[in-house]
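A.B. asks: input-v8.csv is the file, holding CSV, C-alpha atoms:
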chain,number,residue,atom,x,y,z
A,93,MET,CA,-6.5,-15.8,40.4
A,94,ILE,CA,-4.1,-14.2,38.0
A,95,GLU,CA,-6.3,-15.4,35.1
A,96,THR,CA,-9.4,-13.7,36.6
A,97,ARG,CA,-7.4,-10.5,37.0
A,98,LEU,CA,-6.3,-10.7,33.3
A,99,THR,CA,-9.9,-11.2,32.2
A,100,PHE,CA,-10.9,-8.1,34.2
A,101,VAL,CA,-8.0,-5.9,32.8
A,102,ALA,CA,-8.6,-7.0,29.2
A,103,ALA,CA,-12.4,-6.4,29.5
A,104,VAL,CA,-11.9,-2.9,31.0
A,105,ALA,CA,-9.3,-2.0,28.3
A,106,VAL,CA,-11.6,-3.1,25.5
A,107,VAL,CA,-14.6,-1.3,26.9
A,108,PHE,CA,-12.5,1.8,27.3
A,109,VAL,CA,-11.4,1.6,23.7
A,110,LEU,CA,-14.9,1.0,22.4
A,111,GLY,CA,-16.0,4.0,24.4
A,112,VAL,CA,-13.4,6.2,22.8
A,113,ILE,CA,-14.5,5.0,19.3
A,114,VAL,CA,-18.1,5.8,20.0
A,115,GLU,CA,-17.2,9.2,21.3
A,116,LEU,CA,-15.1,9.9,18.2
A,117,ILE,CA,-18.0,9.0,16.0
A,118,ARG,CA,-20.3,11.2,18.1
A,119,ARG,CA,-18.0,14.2,17.5
A,120,HIS,CA,-17.8,13.5,13.8
A,121,ARG,CA,-14.1,12.9,14.1
A,122,LEU,CA,-14.4,9.3,12.9
A,123,GLN,CA,-16.6,8.1,10.1
A,124,GLU,CA,-18.7,5.0,10.7
A,125,ARG,CA,-17.2,3.1,7.8
A,126,TYR,CA,-13.7,3.4,9.3
A,127,ALA,CA,-15.0,2.7,12.8
A,128,LEU,CA,-16.6,-0.6,11.9
A,129,LEU,CA,-13.4,-2.6,11.7
A,130,TRP,CA,-12.3,-1.2,15.1
A,131,ILE,CA,-15.6,-2.1,16.7
A,132,ALA,CA,-15.4,-5.6,15.3
A,133,THR,CA,-11.9,-5.8,16.7
A,134,GLY,CA,-13.0,-4.6,20.1
A,135,GLY,CA,-16.1,-6.9,20.0
A,136,VAL,CA,-14.1,-10.1,19.3
A,137,MET,CA,-11.5,-9.1,22.0
A,138,LEU,CA,-14.2,-8.5,24.5
A,139,VAL,CA,-15.8,-11.9,23.9
A,140,LEU,CA,-12.5,-13.7,24.1
A,141,ALA,CA,-11.5,-11.8,27.2
A,142,ILE,CA,-14.7,-12.6,29.2
A,143,TRP,CA,-15.6,-16.1,27.8
A,144,ARG,CA,-12.6,-18.2,29.0
A,145,GLN,CA,-13.9,-21.4,27.5
A,146,ALA,CA,-14.0,-19.8,24.0
A,147,LEU,CA,-10.5,-18.5,24.4
A,148,ASP,CA,-9.2,-21.8,25.7
A,149,GLY,CA,-11.0,-23.7,22.9
A,150,PHE,CA,-9.7,-21.4,20.3
A,151,ALA,CA,-6.1,-21.6,21.6
A,152,HIS,CA,-6.3,-25.4,21.7
A,153,LEU,CA,-7.7,-25.4,18.1
A,154,ILE,CA,-4.8,-23.4,16.7
A,155,GLY,CA,-2.2,-25.1,18.9
A,156,VAL,CA,-1.3,-22.3,21.3
A,157,ALA,CA,-0.4,-23.7,24.7
A,158,TYR,CA,-1.0,-20.5,26.7
A,159,PRO,CA,-4.5,-19.1,25.9
A,160,PRO,CA,-3.7,-15.4,26.7
A,161,SER,CA,-1.1,-15.5,23.8
A,162,ALA,CA,-4.0,-16.4,21.5
A,163,LEU,CA,-5.7,-13.3,22.6
A,164,PHE,CA,-2.7,-11.2,21.6
A,165,MET,CA,-2.5,-13.1,18.3
A,166,VAL,CA,-6.1,-12.3,17.5
A,167,ALA,CA,-5.6,-8.6,18.4
A,168,GLY,CA,-2.5,-8.5,16.2
A,169,LEU,CA,-4.4,-10.1,13.3
A,170,PHE,CA,-7.2,-7.5,13.5
A,171,VAL,CA,-4.7,-4.6,13.7
A,172,PHE,CA,-3.0,-6.0,10.6
A,173,VAL,CA,-6.3,-6.1,8.7
A,174,VAL,CA,-7.2,-2.6,9.8
A,175,LEU,CA,-3.8,-1.3,8.6
A,176,LEU,CA,-4.1,-3.0,5.2
A,177,HIS,CA,-7.5,-1.5,4.9
A,178,TYR,CA,-6.0,1.9,5.5
A,179,SER,CA,-3.4,1.4,2.9
A,180,THR,CA,-6.1,0.8,0.3
A,181,VAL,CA,-7.9,3.9,1.5
A,182,LEU,CA,-4.7,5.9,1.3
A,183,SER,CA,-4.1,4.7,-2.3
A,184,ARG,CA,-7.5,5.7,-3.3
A,185,LEU,CA,-7.2,9.1,-1.7
A,186,SER,CA,-3.9,9.8,-3.3
A,187,ASP,CA,-5.3,8.8,-6.7
A,188,GLN,CA,-8.3,11.1,-6.3
A,189,ASN,CA,-6.0,13.8,-5.0
A,190,LYS,CA,-3.9,13.5,-8.2
A,191,THR,CA,-6.9,13.7,-10.4
A,192,LEU,CA,-8.2,16.8,-8.6
A,193,ALA,CA,-4.8,18.5,-8.9
A,194,GLN,CA,-4.6,17.8,-12.7
A,195,LYS,CA,-8.2,19.0,-13.2
A,196,ILE,CA,-7.3,22.2,-11.4
A,197,ALA,CA,-4.3,22.8,-13.6
A,198,LEU,CA,-6.4,22.3,-16.8
A,199,LEU,CA,-9.2,24.5,-15.5
A,200,GLU,CA,-6.8,27.2,-14.3
A,201,GLN,CA,-5.2,27.3,-17.7
A,202,GLN,CA,-8.6,27.7,-19.4
A,203,VAL,CA,-9.5,30.6,-17.1
A,204,ARG,CA,-6.2,32.3,-17.7
A,205,GLU,CA,-6.6,31.9,-21.4
A,206,LYS,CA,-10.0,33.5,-21.4
A,207,ASP,CA,-8.8,36.3,-19.2
A,208,GLU,CA,-6.0,37.1,-21.6
A,209,ARG,CA,-8.2,37.1,-24.6
A,210,ARG,CA,-10.7,39.5,-23.1
A,211,PRO,CA,-9.6,43.1,-23.0
A,212,ARG,CA,-9.0,44.4,-19.5
A,213,ARG,CA,-11.7,46.5,-18.0
A,214,VAL,CA,-10.5,49.8,-16.7
A,215,ALA,CA,-11.4,50.2,-13.1
H,149,MET,CA,-2.9,18.8,-37.7
H,150,ARG,CA,-2.3,20.0,-34.1
H,151,LYS,CA,0.9,19.0,-32.4
H,152,ALA,CA,2.0,19.5,-28.8
H,153,ALA,CA,5.3,19.3,-27.1
H,154,ILE,CA,4.7,18.3,-23.4
H,155,VAL,CA,7.4,19.6,-21.2
H,156,PRO,CA,7.3,18.5,-17.5
H,157,ALA,CA,9.3,20.9,-15.4
H,158,TYR,CA,10.0,21.0,-11.7
H,159,ASN,CA,12.2,23.9,-10.6
H,160,GLU,CA,13.9,24.2,-14.0
H,161,ALA,CA,14.1,28.0,-14.1
H,162,GLY,CA,17.7,27.8,-15.3
H,163,SER,CA,16.9,25.9,-18.5
H,164,ILE,CA,13.1,26.1,-19.2
H,165,GLY,CA,13.4,29.3,-21.3
H,166,VAL,CA,16.0,27.8,-23.6
H,167,VAL,CA,14.2,24.5,-23.8
H,168,VAL,CA,11.0,26.1,-24.9
H,169,ALA,CA,12.8,28.4,-27.4
H,170,GLU,CA,14.7,25.5,-28.9
H,171,ILE,CA,11.5,23.4,-29.4
H,172,ARG,CA,9.8,26.3,-31.1
H,173,ALA,CA,12.8,26.9,-33.3
H,174,ALA,CA,13.0,23.3,-34.3
H,175,ASP,CA,9.3,23.0,-35.2
H,176,PRO,CA,7.2,26.2,-35.2
H,177,GLU,CA,4.0,24.1,-35.6
H,178,LEU,CA,4.5,22.5,-32.1
H,179,GLU,CA,2.5,24.1,-29.3
H,180,VAL,CA,4.8,23.9,-26.3
H,181,VAL,CA,2.9,22.9,-23.2
H,182,VAL,CA,5.0,23.3,-20.1
H,183,VAL,CA,3.6,21.4,-17.1
H,184,ASP,CA,4.9,23.2,-14.0
H,185,ASP,CA,5.0,20.4,-11.4
H,186,GLY,CA,4.6,22.6,-8.3
H,187,SER,CA,7.9,24.6,-8.8
H,188,THR,CA,8.9,27.1,-6.2
H,189,ASP,CA,11.0,29.1,-8.6
H,190,ALA,CA,10.1,31.1,-11.7
H,191,THR,CA,9.7,28.1,-14.0
H,192,ALA,CA,6.1,28.9,-14.9
H,193,GLU,CA,6.7,32.7,-15.6
H,194,LEU,CA,9.8,32.0,-17.7
H,195,ALA,CA,8.0,29.3,-19.7
H,196,HIS,CA,5.1,31.7,-20.3
H,197,SER,CA,7.2,34.5,-21.5
H,198,ALA,CA,9.1,32.1,-23.8
H,199,GLY,CA,5.8,31.5,-25.5
H,200,ALA,CA,4.6,28.3,-23.9
H,201,THR,CA,1.2,27.3,-22.7
H,202,VAL,CA,1.6,26.7,-19.0
H,203,LEU,CA,-0.3,24.1,-16.9
H,204,ARG,CA,0.4,24.6,-13.2
H,205,VAL,CA,-0.5,21.7,-10.9
H,206,PRO,CA,-1.0,23.1,-7.3
H,207,TYR,CA,1.7,20.9,-5.7
H,208,ASN,CA,4.4,18.5,-6.8
H,209,LEU,CA,2.8,15.4,-8.2
H,210,GLY,CA,5.8,13.7,-9.7
H,211,ILE,CA,6.9,13.3,-13.3
H,212,GLY,CA,4.3,10.7,-14.3
H,213,ALA,CA,1.3,12.7,-13.2
H,214,ALA,CA,2.8,15.9,-14.6
H,215,VAL,CA,3.2,14.3,-18.1
H,216,GLN,CA,-0.2,12.9,-17.8
H,217,THR,CA,-1.6,16.4,-17.1
H,218,GLY,CA,-0.1,17.6,-20.4
H,219,LEU,CA,-1.5,14.6,-22.2
H,220,GLN,CA,-4.9,15.3,-20.8
H,221,TYR,CA,-4.6,18.8,-22.1
H,222,ALA,CA,-3.7,17.4,-25.5
H,223,SER,CA,-6.6,14.9,-25.4
H,224,GLU,CA,-9.2,17.5,-24.4
H,225,ASN,CA,-8.1,19.9,-27.1
H,226,GLU,CA,-7.9,17.0,-29.7
H,227,PHE,CA,-4.3,17.2,-30.6
H,228,ASP,CA,-3.2,14.7,-33.2
H,229,LEU,CA,0.3,14.3,-31.9
H,230,ALA,CA,2.1,14.9,-28.7
H,231,VAL,CA,5.8,14.6,-27.9
H,232,GLN,CA,7.3,14.6,-24.4
H,233,VAL,CA,10.4,16.6,-24.0
H,234,ASP,CA,12.1,16.9,-20.5
H,235,GLY,CA,12.4,20.4,-19.1
H,236,ASP,CA,16.0,20.0,-18.0
H,237,GLY,CA,17.4,20.3,-21.5
H,238,GLN,CA,18.7,16.7,-21.8
H,239,HIS,CA,16.4,16.0,-24.8
H,240,ASP,CA,17.8,17.7,-27.9
H,241,ALA,CA,15.1,19.6,-29.9
H,242,ARG,CA,17.1,18.9,-33.1
H,243,GLU,CA,16.2,15.3,-32.8
H,244,LEU,CA,12.4,16.1,-32.8
H,245,GLU,CA,12.1,15.7,-36.6
H,246,GLN,CA,13.4,12.2,-36.5
H,247,LEU,CA,11.3,11.2,-33.5
H,248,LEU,CA,8.1,12.6,-35.0
H,249,ALA,CA,8.7,11.0,-38.4
H,250,PRO,CA,7.2,7.5,-37.6
H,251,ILE,CA,4.1,9.1,-36.1
H,252,LEU,CA,3.5,11.5,-38.9
H,253,SER,CA,3.9,8.7,-41.5
H,254,GLY,CA,1.4,6.5,-39.6
H,255,GLU,CA,4.1,3.8,-39.2
H,256,ALA,CA,3.7,3.7,-35.4
H,257,ASP,CA,1.4,4.9,-32.6
H,258,ILE,CA,4.3,5.7,-30.3
H,259,ALA,CA,7.9,6.5,-31.0
H,260,VAL,CA,10.5,6.3,-28.2
H,261,GLY,CA,13.9,8.0,-28.5
H,262,THR,CA,16.5,5.5,-27.4
H,263,ARG,CA,20.1,6.2,-26.5
H,264,PHE,CA,21.2,2.6,-27.3
H,265,ALA,CA,19.9,1.6,-30.7
H,266,GLY,CA,22.0,2.6,-33.7
H,267,ASP,CA,25.6,3.7,-33.3
H,268,ARG,CA,25.0,6.6,-30.9
H,269,PHE,CA,27.4,7.0,-28.1
H,270,TYR,CA,26.0,6.9,-24.5
H,271,ARG,CA,27.8,5.5,-21.5
H,272,PRO,CA,26.0,5.7,-18.2
H,273,SER,CA,27.5,4.4,-14.9
H,274,VAL,CA,27.8,0.7,-14.4
H,275,ALA,CA,24.9,0.4,-11.9
H,276,ARG,CA,22.7,2.4,-14.1
H,277,ARG,CA,23.7,0.3,-17.2
H,278,ILE,CA,22.9,-2.9,-15.3
H,279,GLY,CA,19.5,-1.5,-14.2
H,280,ILE,CA,18.6,-0.4,-17.7
H,281,ALA,CA,19.7,-3.7,-19.3
H,282,LEU,CA,17.8,-5.7,-16.7
H,283,PHE,CA,14.5,-3.9,-17.4
H,284,ALA,CA,15.1,-3.7,-21.1
H,285,GLY,CA,15.5,-7.5,-21.2
H,286,LEU,CA,12.4,-8.0,-19.0
H,287,VAL,CA,10.3,-5.6,-21.0
H,288,SER,CA,11.5,-7.0,-24.3
H,289,LEU,CA,10.3,-10.5,-23.1
H,290,ILE,CA,6.9,-9.2,-22.1
H,291,VAL,CA,6.2,-7.1,-25.2
H,292,ARG,CA,7.8,-9.6,-27.5
H,293,GLN,CA,9.7,-6.8,-29.3
H,294,ARG,CA,13.3,-5.6,-28.7
H,295,VAL,CA,13.4,-2.6,-26.4
H,296,THR,CA,16.7,-1.1,-25.6
H,297,ASP,CA,16.1,2.0,-23.5
H,298,THR,CA,13.3,1.7,-21.0
H,299,THR,CA,14.2,4.8,-19.1
H,300,SER,CA,13.8,7.3,-22.0
H,301,GLY,CA,11.2,9.9,-21.5
H,302,PHE,CA,11.7,11.3,-25.0
H,303,ARG,CA,8.7,9.9,-26.7
H,304,ALA,CA,6.1,10.9,-29.4
H,305,MET,CA,2.6,9.6,-29.9
H,306,ASN,CA,-0.5,9.9,-32.0
H,307,ARG,CA,-4.0,10.4,-30.8
H,308,ARG,CA,-4.4,6.8,-29.8
H,309,GLY,CA,-1.4,7.1,-27.6
H,310,ILE,CA,-2.5,10.4,-26.1
H,311,ARG,CA,-5.9,9.0,-25.2
H,312,LEU,CA,-4.4,5.9,-23.6
H,313,PHE,CA,-2.0,7.8,-21.4
H,314,ALA,CA,-4.4,10.6,-20.6
H,315,ALA,CA,-6.6,8.0,-19.0
H,316,ASP,CA,-4.0,5.7,-17.5
H,317,TYR,CA,-0.4,6.6,-16.8
H,318,PRO,CA,1.9,5.3,-14.0
H,319,HIS,CA,2.4,7.6,-11.0
H,320,ASP,CA,6.2,7.8,-10.7
H,321,TYR,CA,9.1,6.3,-12.8
H,322,PRO,CA,6.5,5.7,-15.5
H,323,GLU,CA,8.6,4.8,-18.5
H,324,VAL,CA,8.9,1.0,-18.1
H,325,GLU,CA,5.3,0.5,-17.2
H,326,ALA,CA,4.1,2.8,-20.0
H,327,THR,CA,6.0,0.6,-22.5
H,328,VAL,CA,4.1,-2.5,-21.3
H,329,LEU,CA,0.8,-0.5,-21.3
H,330,VAL,CA,1.4,0.4,-24.9
H,331,PHE,CA,1.9,-3.2,-25.8
H,332,ARG,CA,-1.1,-4.5,-23.9
H,333,HIS,CA,-3.4,-2.0,-25.6
H,334,ARG,CA,-2.0,-3.2,-28.9
H,335,LEU,CA,-0.4,0.1,-30.0
H,336,ARG,CA,2.5,-0.1,-32.4
H,337,MET,CA,5.8,1.1,-30.9
H,338,VAL,CA,9.1,1.9,-32.6
H,339,GLU,CA,12.4,3.0,-31.1
H,340,VAL,CA,14.3,5.9,-32.7
H,341,PRO,CA,18.0,6.3,-32.0
H,342,VAL,CA,18.7,9.8,-30.5
H,343,THR,CA,21.5,11.5,-28.8
H,344,MET,CA,20.9,13.0,-25.4
H,345,ARG,CA,22.8,15.8,-23.7
H,346,GLN,CA,24.2,16.0,-20.2
H,347,ARG,CA,21.9,17.9,-17.9
H,348,GLU,CA,22.3,21.7,-18.3
H,349,THR,CA,21.3,22.7,-14.8
H,350,GLY,CA,19.7,21.1,-11.8
H,351,ARG,CA,20.4,17.7,-10.4
H,352,SER,CA,19.3,14.3,-11.6
H,353,SER,CA,16.8,12.8,-9.2
H,354,ILE,CA,18.7,9.5,-8.9
H,355,THR,CA,20.2,8.4,-5.6
H,356,VAL,CA,20.9,5.0,-4.0
H,357,PHE,CA,17.7,4.8,-2.0
H,358,ARG,CA,15.6,6.0,-4.9
H,359,SER,CA,17.3,3.5,-7.2
H,360,LEU,CA,16.2,0.7,-4.8
H,361,TYR,CA,12.7,2.1,-4.7
H,362,TYR,CA,12.7,2.4,-8.4
H,363,MET,CA,13.7,-1.3,-8.9
H,364,GLY,CA,11.2,-2.5,-6.4
H,365,LYS,CA,8.3,-0.4,-7.5
H,366,VAL,CA,8.8,-1.0,-11.2
H,367,SER,CA,9.3,-4.8,-10.8
H,368,LEU,CA,6.2,-5.0,-8.7
H,369,ALA,CA,4.1,-3.0,-11.1
H,370,LEU,CA,5.3,-5.1,-14.0
H,371,PHE,CA,4.4,-8.4,-12.5
H,372,VAL,CA,1.1,-7.3,-11.0
H,373,GLY,CA,0.4,-5.6,-14.3
H,374,LEU,CA,0.7,-9.0,-16.1
H,375,LEU,CA,-2.0,-10.4,-13.8
H,376,ARG,CA,-4.5,-7.8,-15.0
H,377,PRO,CA,-6.9,-8.8,-17.8
H,378,ARG,CA,-5.7,-7.5,-21.1
H,379,PRO,CA,-7.9,-4.7,-22.4
H,380,ALA,CA,-9.8,-5.3,-25.7
H,381,ALA,CA,-8.4,-3.8,-28.9
H,382,GLY,CA,-9.5,-0.3,-29.8
Just dump the structure as structure tokens.
C.D. replies:
Amino acid sequence: MIETRLTFVAAVAVVFVLGVIVELIRRHRLQERYALLWIATGGVMLVLAIWRQALDGFAHLIGVAYPPSALFMVAGLFVFVVLLHYSTVLSRLSDQNKTLAQKIALLEQQVREKDERRPRRVA
Amino acid sequence: MRKAAIVPAYNEAGSIGVVVAEIRAADPELEVVVVDDGSTDATAELAHSAGATVLRVPYNLGIGAAVQTGLQYASENEFDLAVQVDGDGQHDARELEQLLAPILSGEADIAVGTRFAGDRFYRPSVARRIGIALFAGLVSLIVRQRVTDTTSGFRAMNRRGIRLFAADYPHDYPEVEATVLVFRHRLRMVEVPVTMRQRETGRSSITVFRSLYYMGKVSLALFVGLLRPRPAAG
């Protein structure tokens, strides 16, 4: 009985999270490319929450005695992958950010130099 | 022959005017390029009125990116030589002639001012000395050449060096990695003994936490850097 309830709670939670993700994409608050990993996470969680045999089989395969623990482990693994992915995105962004700032400094200097060479117009 | 002195400066209003003036007095042929790394004080204005070309990055990027900005300027404007001089006044402009000599003679692609080679007198704190010695040993092994001062930012380079660093320069605490980068790109490096002064104004950016970050970051960059394919000569 407890296990049925757990299945139900897990399924509802995953469906809710997937709903939030879809809504965020709809409002252009989340790009599809960053949503995909979350949707994959949600999808796998949903399958394992509903399909008890799959979860039991998987738990047995990796030597986890209590199947719901395997569910948490899978969730943790996916979150880890998502975070690592974000770190790479962050690194790329900060690199691009630096390049932009440097470009601005060089361009601004060129503009200032041109301004200084040209005689000021009298208003 | 176009020569640039790249001066990274972050809130160095107290010393930047003097630094620029000293460089210009030491070598009037040097175009002084001050890179204002997002200062909130009058660093840029003071540098400008002292006669420097000023590059202002829109926000603080860190020393590595600031120096790189100056080298990008030197690269775009086809300078033949660039020398990095810190904006806090610790690098003595009177040493410029010696530092530039191996570049001008074509003996080396990059010359690094070192506080340890020769009989010059420099005694940093024990912790700092251990850190410097550790990285100096490690880098010497990697580049198969004796390197004594891996923390020195007082360095001069020719056009090959300018082009290399304009394209690829470490983000923060760049000196150690830059040395290895020079070796991997097959540039010739020499060390030149110099004397450095105590900081005139401002505070050194070194704290315990930062030292730990420094050790970790630089070690990681060194070892991962070795795993990258070595670029072709050229």
A.B. asks: Taking all atoms listed in the file into account, report as a VMD selection string which residues of chain H lie within 10 Å of chain A.
C.D. replies: chain H and resid 183 to 185 201 to 210 213 to 214 216 to 218 220 to 221 224 319
A.B. asks: Nearest to Thr327 (chain H) among H:Gln238, H:Gln293, H:Thr191, H:Asn159, with distances taken over all atoms listed in the file: which residue is it?
C.D. replies: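 Looking at the shortest contact to Thr327 (chain H), the residue is H:Gln293.
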A.B. asks: Please provide as a ChimeraX atom specification all residues within 12 Å of Leu312 (chain H), with the sequence filter that same-chain residues fewer than 2 positions apart are discarded (counting all atoms listed in the file).
C.D. replies: /H:216,219-220,222-223,257-258,305-310,314-318,326-327,329-335,379,381-382
A.B. asks: So that I have them on file, write out the residues from the current selection with C-alpha atoms, as a short mmCIF file (atom, residue, chain, number, x, y, z; two decimals), in the coordinates of the input.
C.D. replies:
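After the write, again_3.cif holds the following:
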data_model
loop_
_atom_site.label_atom_id
_atom_site.label_comp_id
_atom_site.auth_asym_id
_atom_site.auth_seq_id
_atom_site.Cartn_x
_atom_site.Cartn_y
_atom_site.Cartn_z
CA GLN H 216 -0.20 12.90 -17.80
CA LEU H 219 -1.50 14.60 -22.20
CA GLN H 220 -4.90 15.30 -20.80
CA ALA H 222 -3.70 17.40 -25.50
CA SER H 223 -6.60 14.90 -25.40
CA ASP H 257 1.40 4.90 -32.60
CA ILE H 258 4.30 5.70 -30.30
CA MET H 305 2.60 9.60 -29.90
CA ASN H 306 -0.50 9.90 -32.00
CA ARG H 307 -4.00 10.40 -30.80
CA ARG H 308 -4.40 6.80 -29.80
CA GLY H 309 -1.40 7.10 -27.60
CA ILE H 310 -2.50 10.40 -26.10
CA ALA H 314 -4.40 10.60 -20.60
CA ALA H 315 -6.60 8.00 -19.00
CA ASP H 316 -4.00 5.70 -17.50
CA TYR H 317 -0.40 6.60 -16.80
CA PRO H 318 1.90 5.30 -14.00
CA ALA H 326 4.10 2.80 -20.00
CA THR H 327 6.00 0.60 -22.50
CA LEU H 329 0.80 -0.50 -21.30
CA VAL H 330 1.40 0.40 -24.90
CA PHE H 331 1.90 -3.20 -25.80
CA ARG H 332 -1.10 -4.50 -23.90
CA HIS H 333 -3.40 -2.00 -25.60
CA ARG H 334 -2.00 -3.20 -28.90
CA LEU H 335 -0.40 0.10 -30.00
CA PRO H 379 -7.90 -4.70 -22.40
CA ALA H 381 -8.40 -3.80 -28.90
CA GLY H 382 -9.50 -0.30 -29.80
#
A.B. asks: What is the CA of Ala241 (chain H)-CA of Ile171 (chain H) distance in Å, reported with one decimal?
C.D. replies: 5.3 Å
A.B. asks: Check the smallest atom-to-atom distance from each of H:Ile251, H:Ala161, H:Asp320, H:Ser367 to Glu193 (chain H) using only C-alpha atoms, then report the winner.
C.D. replies: H:Ala161
A.B. asks: If we count only C-alpha atoms, what is near Ala284 (chain H) at a cut-off of 8 Å, once residues fewer than 2 positions away on the same chain are taken out, given as a VMD selection string?
C.D. replies: chain H and resid 280 to 282 286 to 288 295 to 298
A.B. asks: Between H:Ala198, H:Val168, H:Val231, H:Ala190, single out the one closest to Ile154 (chain H), counting only C-alpha atoms.
C.D. replies: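 Closest candidate: H:Val231.
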A.B. asks: For CA of Trp130 (chain A) and CA of Ala167 (chain A), quote the distance in Å rounded to one decimal.
C.D. replies: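 Separating CA of Trp130 (chain A) from CA of Ala167 (chain A) is a distance of 10.5 Å.
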A.B. asks: Report, in Å with one decimal, the straight-line distance from CA of Val203 (chain A) to CA of Asn225 (chain H).
C.D. replies: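 It comes out at 14.7 Å.
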A.B. asks: Box along x, y and z, 8 Å on every side, all listed atoms of region 197-203 of chain H inside: centre and edge lengths in Å to one decimal, as JSON.
C.D. replies:
{"center_x": 4.4, "center_y": 29.3, "center_z": -21.2, "size_x": 25.4, "size_y": 26.4, "size_z": 24.6}
A.B. asks: Of the candidates H:Val366, H:Phe264, H:Glu179, H:Gly186, which shows the shortest atom-to-atom distance to Phe227 (chain H), using all atoms listed in the file?
C.D. replies: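 Once distances to Phe227 (chain H) are computed over all atoms listed in the file, the minimum belongs to H:Glu179.
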A.B. asks: Can you pull out the residues contacting Val109 (chain A)? Cut-off 12 Å, using all atoms listed in the file, and skip same-chain residues under 6 positions away; I want them as a list in words.
C.D. replies: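 That gives Ala102, Ala103, Glu115, Leu116, Ala127, Trp130, Ile131, Ala132, Thr133, Gly134, Gly135, Met137 and Leu138 of chain A.
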A.B. asks: Can you work out which one of A:Ser161, A:Gln188, A:Gln123, A:Thr96 has the shortest atom-to-atom distance to Leu147 (chain A), counting all atoms listed in the file?
C.D. replies: A:Ser161
A.B. asks: List the spatial neighbours of Val260 (chain H) as a PyMOL selection string - criterion: any atom at most 7 Å away, only C-alpha atoms, same-chain residues fewer than 5 positions off excluded.
C.D. replies: chain H and resi 302-304+338-340
A.B. asks: Please identify all polymer residues lying at most 8 Å from the point (-8.9, -8.3, 13.9) (file coordinates), using only C-alpha atoms, and present the result as a count of residues only.
C.D. replies: 14
